[in-house]
Every structure is written in C-alpha cells, then in structure tokens.
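Trainee: I am attaching a structure below and will ask some questions about it afterwards.
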Amino acid sequence: MYNRTTVTEFLLLGFSEVWEMQILHFVVFLVIYLAALVENLLIFMVIVLDYNLHTSMYFFLMNLSIIDLGSVSVTIPKSMANSLMNTKSISYAGCVTQVFFLIFLLGADYSLLTIMAYDRYVAICQPLRYETMMNSRACVQMAVGAWISGILYSMLHTGNTFALTFCGGNMVDQFFCEIPQLLKLTCSDSYMSEVGVITFSICLVLGCFIFIIVSYVQIFKSVLRIPSEQGRHKAFSTCLPHLTVVSLLVCTGAFAYLKPTSSSPSALDLVMAVLYSVLPPIMNPIIYSMRNKEMKAALRRLTGCS
C-alpha cells in the first residue's frame, strides 16, 4: 500500500548542515559559476568578433559555449541560493523546469559533439569536399537539428518522469532534480515506463558514441599518413580536445544514470553529478583553447596582448 499524496515541492540534498560549510559551498559554486560564465562568454565573443574563426568548426564551438552557459545556469544558482538561505526546497514546477532544461541542454550538447566529430572527419578525411559538404547552410541546419533533438529528447524524458506518481516522499538525494533520484520516489509499479525511455536513450547515446569512435579511427588513420610533422600536430590539436570533451561527458553521465541508485545519499552520486553537470561547462573552454593556436591567437588579438 503506497502513500499517494500530492507532491507540491521537493527537498534537495544539501552539502552540509553546518552553516559555515554552507557558506563555503556557496563561495566555491559562485567561483565555479562566474568562471564558467566568463570563459564561455569569452569564447563566444572571440568567435563572433574574429573573422578568421568564421568556419564550421568554430560555429559549432560557439553553439557549444551557448549550451554550456545554459547548463551551468540550470543547477548551480538554485543550489547556491539554497545554501545562502539555509533551505533545501524547490517547487514542483521548479523541479520540472530544472529537469527539462538540463536534459534538453545535455541532449543538444551530445548531438552537437556528434556533429563536431563528423565535421572533423570530413575536414581531415575528405578535405576536397569539405567546403561543399560543410557549407554555412548545412552547418546551420545541423546546429538547428541538434537543438531540436535536445528539445524533443527532453520533452520525452520530462513528460514521462513527471507523469509518474510520487509516493516515496519528496527528498531528492541530489543537489538538483536528477531523474534517477526522482525515480526512487515513485511507486514501484509505475516507474518502468521511464526505465524503458532510459533504455531507449542508452541505445541512442551508444549509437552516437560508436559513430564518434569510428569517425576518429578514420581520422587518426588519415592523420598518421600526413607527411609533415606540423600537419599532424595541427590535425591532432583540433581533434584531441573534442575527443576529451566527449569522453568526459559520456563516462560521467553514463556512470550517473546507469549506476544502481542507493537507498541513502551517496558521496559518489554527488561527485558524479558535479562531474557531468558542472565540470564540462568550466573545462570545455579551457580544453578547446589550450591546444588550439588559432583560438589563442584570436584571444590575444581581442585582449590586445602581443
């Protein structure tokens, strides 16, 4: 027999019950949030203002920066506000909104990373056809497709999750509304439909990941055939950052969603959630600019540094 009371709000997991630790959590998340905002806005501005970066690769990178700006703004501000006000609550509508936008942005992010792998494949393996295949119209259509796929994917997940009956209380064992933790609160006879959706999602993610891996196998074969060391270095400098970002997102996200949920809050769940929801927005700009000479040169031109 289940207690099928109507849930009007959820209680999110706090990092600590001690006030001083809550303030520390606020300060740390504030630093992370501001760093992510500054980094991604800088990448966005550099690509928009520097004509030398008006290529397909940087167009997709600009879209990725917009997604990172959105995703870091979905989870961190609410967690910071709760720590500052010494509360844990989030409204039912707020939880729905948080789930929708997080899944939407993660879905669009992964779709965009798949497109970027295809872009690098065409650029390195089929250079003579690159201008034709990756023209501005095709790039815009691909980017729009990534955003739309994220919306549809999120509508499926969000609608299916919140159509379930919550009868296990309202305490979410995470610092934001995360689907695996919400499923723990549903009645045992009602959550299988969302499990089916997650299984479908795994198939999609696995299919895209296989496509990315196959693309990079072909890319590395072509790179190793480049006679000049400088040419090989340039090719690797544009591919390795992308592969790093994909690996970070897939590994942490897969672990968070596939790992069996525990009945009590787990520090590992908290760490993995931070790794896939907070770390990528702050690391992506660093990863993409650190080994990219064109991006570093554009940054110097924008800031006026020699």
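All residue names refer to the structure tokens as shown: chains lettered A, B, ... in order, residues numbered from 1 in each chain, ligands numbered from 1 in order.
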Find the spatial neighbours of Gly94 in chain A, counting only C-alpha atoms, within a cut-off of 12 Å - ignore same-chain residues fewer than 6 positions away - and output them as an mmCIF file with all heavy atoms, in the first residue's frame.

Mentor:
data_model
loop_
_atom_site.group_PDB
_atom_site.id
_atom_site.type_symbol
_atom_site.label_atom_id
_atom_site.label_comp_id
_atom_site.auth_asym_id
_atom_site.auth_seq_id
_atom_site.Cartn_x
_atom_site.Cartn_y
_atom_site.Cartn_z
ATOM 1 N N THR A 8 3.958 18.865 -3.753
ATOM 2 C CA THR A 8 3.941 20.269 -4.189
ATOM 3 C C THR A 8 5.335 20.863 -4.234
ATOM 4 O O THR A 8 5.556 21.896 -4.869
ATOM 5 C CB THR A 8 3.068 21.113 -3.255
ATOM 6 O OG1 THR A 8 3.574 21.006 -1.918
ATOM 7 C CG2 THR A 8 1.618 20.637 -3.284
ATOM 8 N N GLU A 9 6.276 20.219 -3.561
ATOM 9 C CA GLU A 9 7.661 20.664 -3.595
ATOM 10 C C GLU A 9 8.588 19.487 -3.288
ATOM 11 O O GLU A 9 8.151 18.460 -2.766
ATOM 12 C CB GLU A 9 7.910 21.795 -2.595
ATOM 13 C CG GLU A 9 7.825 21.358 -1.141
ATOM 14 C CD GLU A 9 8.248 22.452 -0.171
ATOM 15 O OE1 GLU A 9 8.406 23.609 -0.592
ATOM 16 O OE2 GLU A 9 8.432 22.121 1.022
ATOM 17 N N PHE A 10 9.850 19.657 -3.650
ATOM 18 C CA PHE A 10 10.863 18.645 -3.348
ATOM 19 C C PHE A 10 11.920 19.271 -2.447
ATOM 20 O O PHE A 10 12.107 20.494 -2.444
ATOM 21 C CB PHE A 10 11.514 18.126 -4.630
ATOM 22 C CG PHE A 10 10.585 17.331 -5.513
ATOM 23 C CD1 PHE A 10 9.912 17.943 -6.566
ATOM 24 C CD2 PHE A 10 10.383 15.982 -5.289
ATOM 25 C CE1 PHE A 10 9.063 17.216 -7.383
ATOM 26 C CE2 PHE A 10 9.529 15.246 -6.095
ATOM 27 C CZ PHE A 10 8.873 15.864 -7.147
ATOM 28 N N LEU A 11 12.616 18.420 -1.712
ATOM 29 C CA LEU A 11 13.722 18.862 -0.865
ATOM 30 C C LEU A 11 15.022 18.343 -1.462
ATOM 31 O O LEU A 11 15.185 17.130 -1.643
ATOM 32 C CB LEU A 11 13.549 18.344 0.568
ATOM 33 C CG LEU A 11 12.298 18.817 1.308
ATOM 34 C CD1 LEU A 11 12.234 18.183 2.687
ATOM 35 C CD2 LEU A 11 12.257 20.331 1.414
ATOM 36 N N LEU A 12 15.923 19.252 -1.803
ATOM 37 C CA LEU A 12 17.188 18.876 -2.417
ATOM 38 C C LEU A 12 18.234 18.566 -1.350
ATOM 39 O O LEU A 12 18.154 19.045 -0.218
ATOM 40 C CB LEU A 12 17.687 20.007 -3.329
ATOM 41 C CG LEU A 12 16.766 20.404 -4.480
ATOM 42 C CD1 LEU A 12 17.350 21.593 -5.246
ATOM 43 C CD2 LEU A 12 16.527 19.234 -5.428
ATOM 44 N N VAL A 74 21.462 26.147 -14.967
ATOM 45 C CA VAL A 74 20.286 25.366 -14.572
ATOM 46 C C VAL A 74 20.410 24.839 -13.148
ATOM 47 O O VAL A 74 19.444 24.871 -12.375
ATOM 48 C CB VAL A 74 20.055 24.197 -15.551
ATOM 49 C CG1 VAL A 74 18.975 23.253 -15.025
ATOM 50 C CG2 VAL A 74 19.650 24.719 -16.916
ATOM 51 N N THR A 75 21.599 24.371 -12.782
ATOM 52 C CA THR A 75 21.765 23.677 -11.498
ATOM 53 C C THR A 75 22.422 24.527 -10.414
ATOM 54 O O THR A 75 21.987 24.497 -9.262
ATOM 55 C CB THR A 75 22.605 22.405 -11.698
ATOM 56 O OG1 THR A 75 23.867 22.768 -12.301
ATOM 57 C CG2 THR A 75 21.889 21.419 -12.603
ATOM 58 N N LYS A 78 20.419 27.695 -8.174
ATOM 59 C CA LYS A 78 19.453 27.233 -7.176
ATOM 60 C C LYS A 78 20.157 26.621 -5.974
ATOM 61 O O LYS A 78 19.762 26.865 -4.819
ATOM 62 C CB LYS A 78 18.495 26.211 -7.809
ATOM 63 C CG LYS A 78 17.448 25.646 -6.846
ATOM 64 C CD LYS A 78 16.567 26.742 -6.263
ATOM 65 C CE LYS A 78 15.541 26.180 -5.311
ATOM 66 N NZ LYS A 78 14.756 27.245 -4.638
ATOM 67 N N PHE A 100 13.744 19.600 -17.271
ATOM 68 C CA PHE A 100 13.549 19.838 -18.702
ATOM 69 C C PHE A 100 14.766 20.505 -19.321
ATOM 70 O O PHE A 100 15.288 20.043 -20.346
ATOM 71 C CB PHE A 100 12.314 20.706 -18.945
ATOM 72 C CG PHE A 100 12.124 21.074 -20.400
ATOM 73 C CD1 PHE A 100 11.539 20.179 -21.283
ATOM 74 C CD2 PHE A 100 12.571 22.291 -20.893
ATOM 75 C CE1 PHE A 100 11.391 20.493 -22.625
ATOM 76 C CE2 PHE A 100 12.428 22.614 -22.233
ATOM 77 C CZ PHE A 100 11.829 21.721 -23.094
ATOM 78 N N PHE A 101 15.235 21.598 -18.717
ATOM 79 C CA PHE A 101 16.335 22.344 -19.322
ATOM 80 C C PHE A 101 17.663 21.598 -19.224
ATOM 81 O O PHE A 101 18.489 21.677 -20.146
ATOM 82 C CB PHE A 101 16.449 23.738 -18.706
ATOM 83 C CG PHE A 101 15.469 24.724 -19.274
ATOM 84 C CD1 PHE A 101 14.334 25.075 -18.570
ATOM 85 C CD2 PHE A 101 15.670 25.272 -20.533
ATOM 86 C CE1 PHE A 101 13.408 25.964 -19.110
ATOM 87 C CE2 PHE A 101 14.762 26.163 -21.075
ATOM 88 C CZ PHE A 101 13.624 26.518 -20.368
ATOM 89 N N PHE A 176 20.386 18.819 -7.212
ATOM 90 C CA PHE A 176 19.427 19.314 -8.189
ATOM 91 C C PHE A 176 18.471 18.176 -8.512
ATOM 92 O O PHE A 176 18.680 17.036 -8.105
ATOM 93 C CB PHE A 176 20.126 19.842 -9.455
ATOM 94 C CG PHE A 176 20.929 18.799 -10.187
ATOM 95 C CD1 PHE A 176 20.362 18.050 -11.206
ATOM 96 C CD2 PHE A 176 22.262 18.573 -9.867
ATOM 97 C CE1 PHE A 176 21.094 17.094 -11.890
ATOM 98 C CE2 PHE A 176 23.019 17.624 -10.550
ATOM 99 C CZ PHE A 176 22.424 16.873 -11.556
ATOM 100 N N CYS A 177 17.414 18.470 -9.247
ATOM 101 C CA CYS A 177 16.441 17.435 -9.605
ATOM 102 C C CYS A 177 17.021 16.550 -10.703
ATOM 103 O O CYS A 177 17.119 16.968 -11.862
ATOM 104 C CB CYS A 177 15.129 18.077 -10.072
ATOM 105 S SG CYS A 177 14.176 18.813 -8.740
#

Trainee: Which residues in range 180-289 of chain A does DSSP call helix (DSSP H, G or I)? List them as a ChimeraX atom specification.

Mentor: /A:180-183,192-224,229-258,267-277,279-289

Trainee: Could you make a table, as JSON lines, of the residues of range 66-127 of chain A that have an atom within 6 Å of an atom of range 147-163 of chain A, each with its nearest atom pair and distance in Å to one decimal, counting only C-alpha atoms, in chain and number order?

Mentor:
{"residue": "A:Phe100", "atom": "CA", "partner": "A:Ser154", "partner_atom": "CA", "distance": 5.5}
{"residue": "A:Ile103", "atom": "CA", "partner": "A:Ser154", "partner_atom": "CA", "distance": 5.1}
{"residue": "A:Phe104", "atom": "CA", "partner": "A:Gly150", "partner_atom": "CA", "distance": 4.5}
{"residue": "A:Gly107", "atom": "CA", "partner": "A:Gly150", "partner_atom": "CA", "distance": 4.4}
{"residue": "A:Ala108", "atom": "CA", "partner": "A:Gly150", "partner_atom": "CA", "distance": 4.3}

Trainee: Keeping N, CA, C and O atoms, export the residues of the selection given above as a compact mmCIF listing (two decimals), in the first residue's frame.

Mentor:
# COMPACT_ATOMS: atom_id res chain seq x y z
N PHE A 100 13.74 19.60 -17.27
CA PHE A 100 13.55 19.84 -18.70
C PHE A 100 14.77 20.50 -19.32
O PHE A 100 15.29 20.04 -20.35
N ILE A 103 18.11 18.23 -19.22
CA ILE A 103 18.10 17.16 -20.22
C ILE A 103 18.14 17.73 -21.63
O ILE A 103 18.83 17.20 -22.52
N PHE A 104 17.43 18.82 -21.86
CA PHE A 104 17.45 19.50 -23.17
C PHE A 104 18.87 19.92 -23.54
O PHE A 104 19.34 19.63 -24.65
N GLY A 107 21.19 16.87 -24.01
CA GLY A 107 20.89 16.21 -25.28
C GLY A 107 21.43 17.00 -26.47
O GLY A 107 22.02 16.43 -27.39
N ALA A 108 21.23 18.33 -26.44
CA ALA A 108 21.75 19.17 -27.52
C ALA A 108 23.27 19.16 -27.54
O ALA A 108 23.90 19.15 -28.60

Trainee: Would you work out the distance separating CA of Ala254 in chain A from CA of Ile212 in chain A, expressed in Å to one decimal?

Mentor: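 We find that CA of Ala254 in chain A and CA of Ile212 in chain A lie 16.0 Å from each other.
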
Trainee: Excluding Ile23 in chain A and its own-chain neighbours fewer than 3 positions away, which residues fall within 8 Å of it when counting only C-alpha atoms? Please give them as a PyMOL selection string.

Mentor: chain A and resi 19-20+26-27+83-84

Trainee: Just checking: using only C-alpha atoms, which residue out of A:Thr199, A:Lys221, A:Leu204, A:Val274 ends up closest to Leu258 in chain A?

Mentor: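 The closest residue to Leu258 in chain A is A:Thr199.
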
Trainee: Within 8 Å of range 29-35 of chain A, counting only C-alpha atoms, which residues show up once you throw out same-chain ones fewer than 6 positions away? Write them as a list of chain:residue names, please.

Mentor: A:Val72, A:Ser73, A:Ile76, A:Met80, A:Ile282

Trainee: Could I get the residues of range 87-186 of chain A with an atom no further than 10 Å from an atom of range 40-55 of chain A, each paired with its nearest atom pair and that distance in Å to one decimal, using only C-alpha atoms, sorted by chain and residue number, as a tab-separated table?

Mentor:
residue	atom	partner	partner_atom	distance
A:Glu131	CA	A:Thr55	CA	9.8
A:Met134	CA	A:Thr55	CA	9.2
A:Asn135	CA	A:Thr55	CA	9.0
A:Ser136	CA	A:Thr55	CA	8.3
A:Cys139	CA	A:Thr55	CA	9.5

Trainee: Which is closest to Val140 in chain A among A:Val223, A:Leu128, A:Leu243, A:Met57, if we use only C-alpha atoms?

Mentor: A:Met57

Trainee: Using only C-alpha atoms, which residue out of A:Ala143, A:Ala117, A:Ile179, A:Leu299 lies closest to Pro241 in chain A?

Mentor: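 Residue with the minimum atom-to-atom distance to Pro241 in chain A: A:Ala117.
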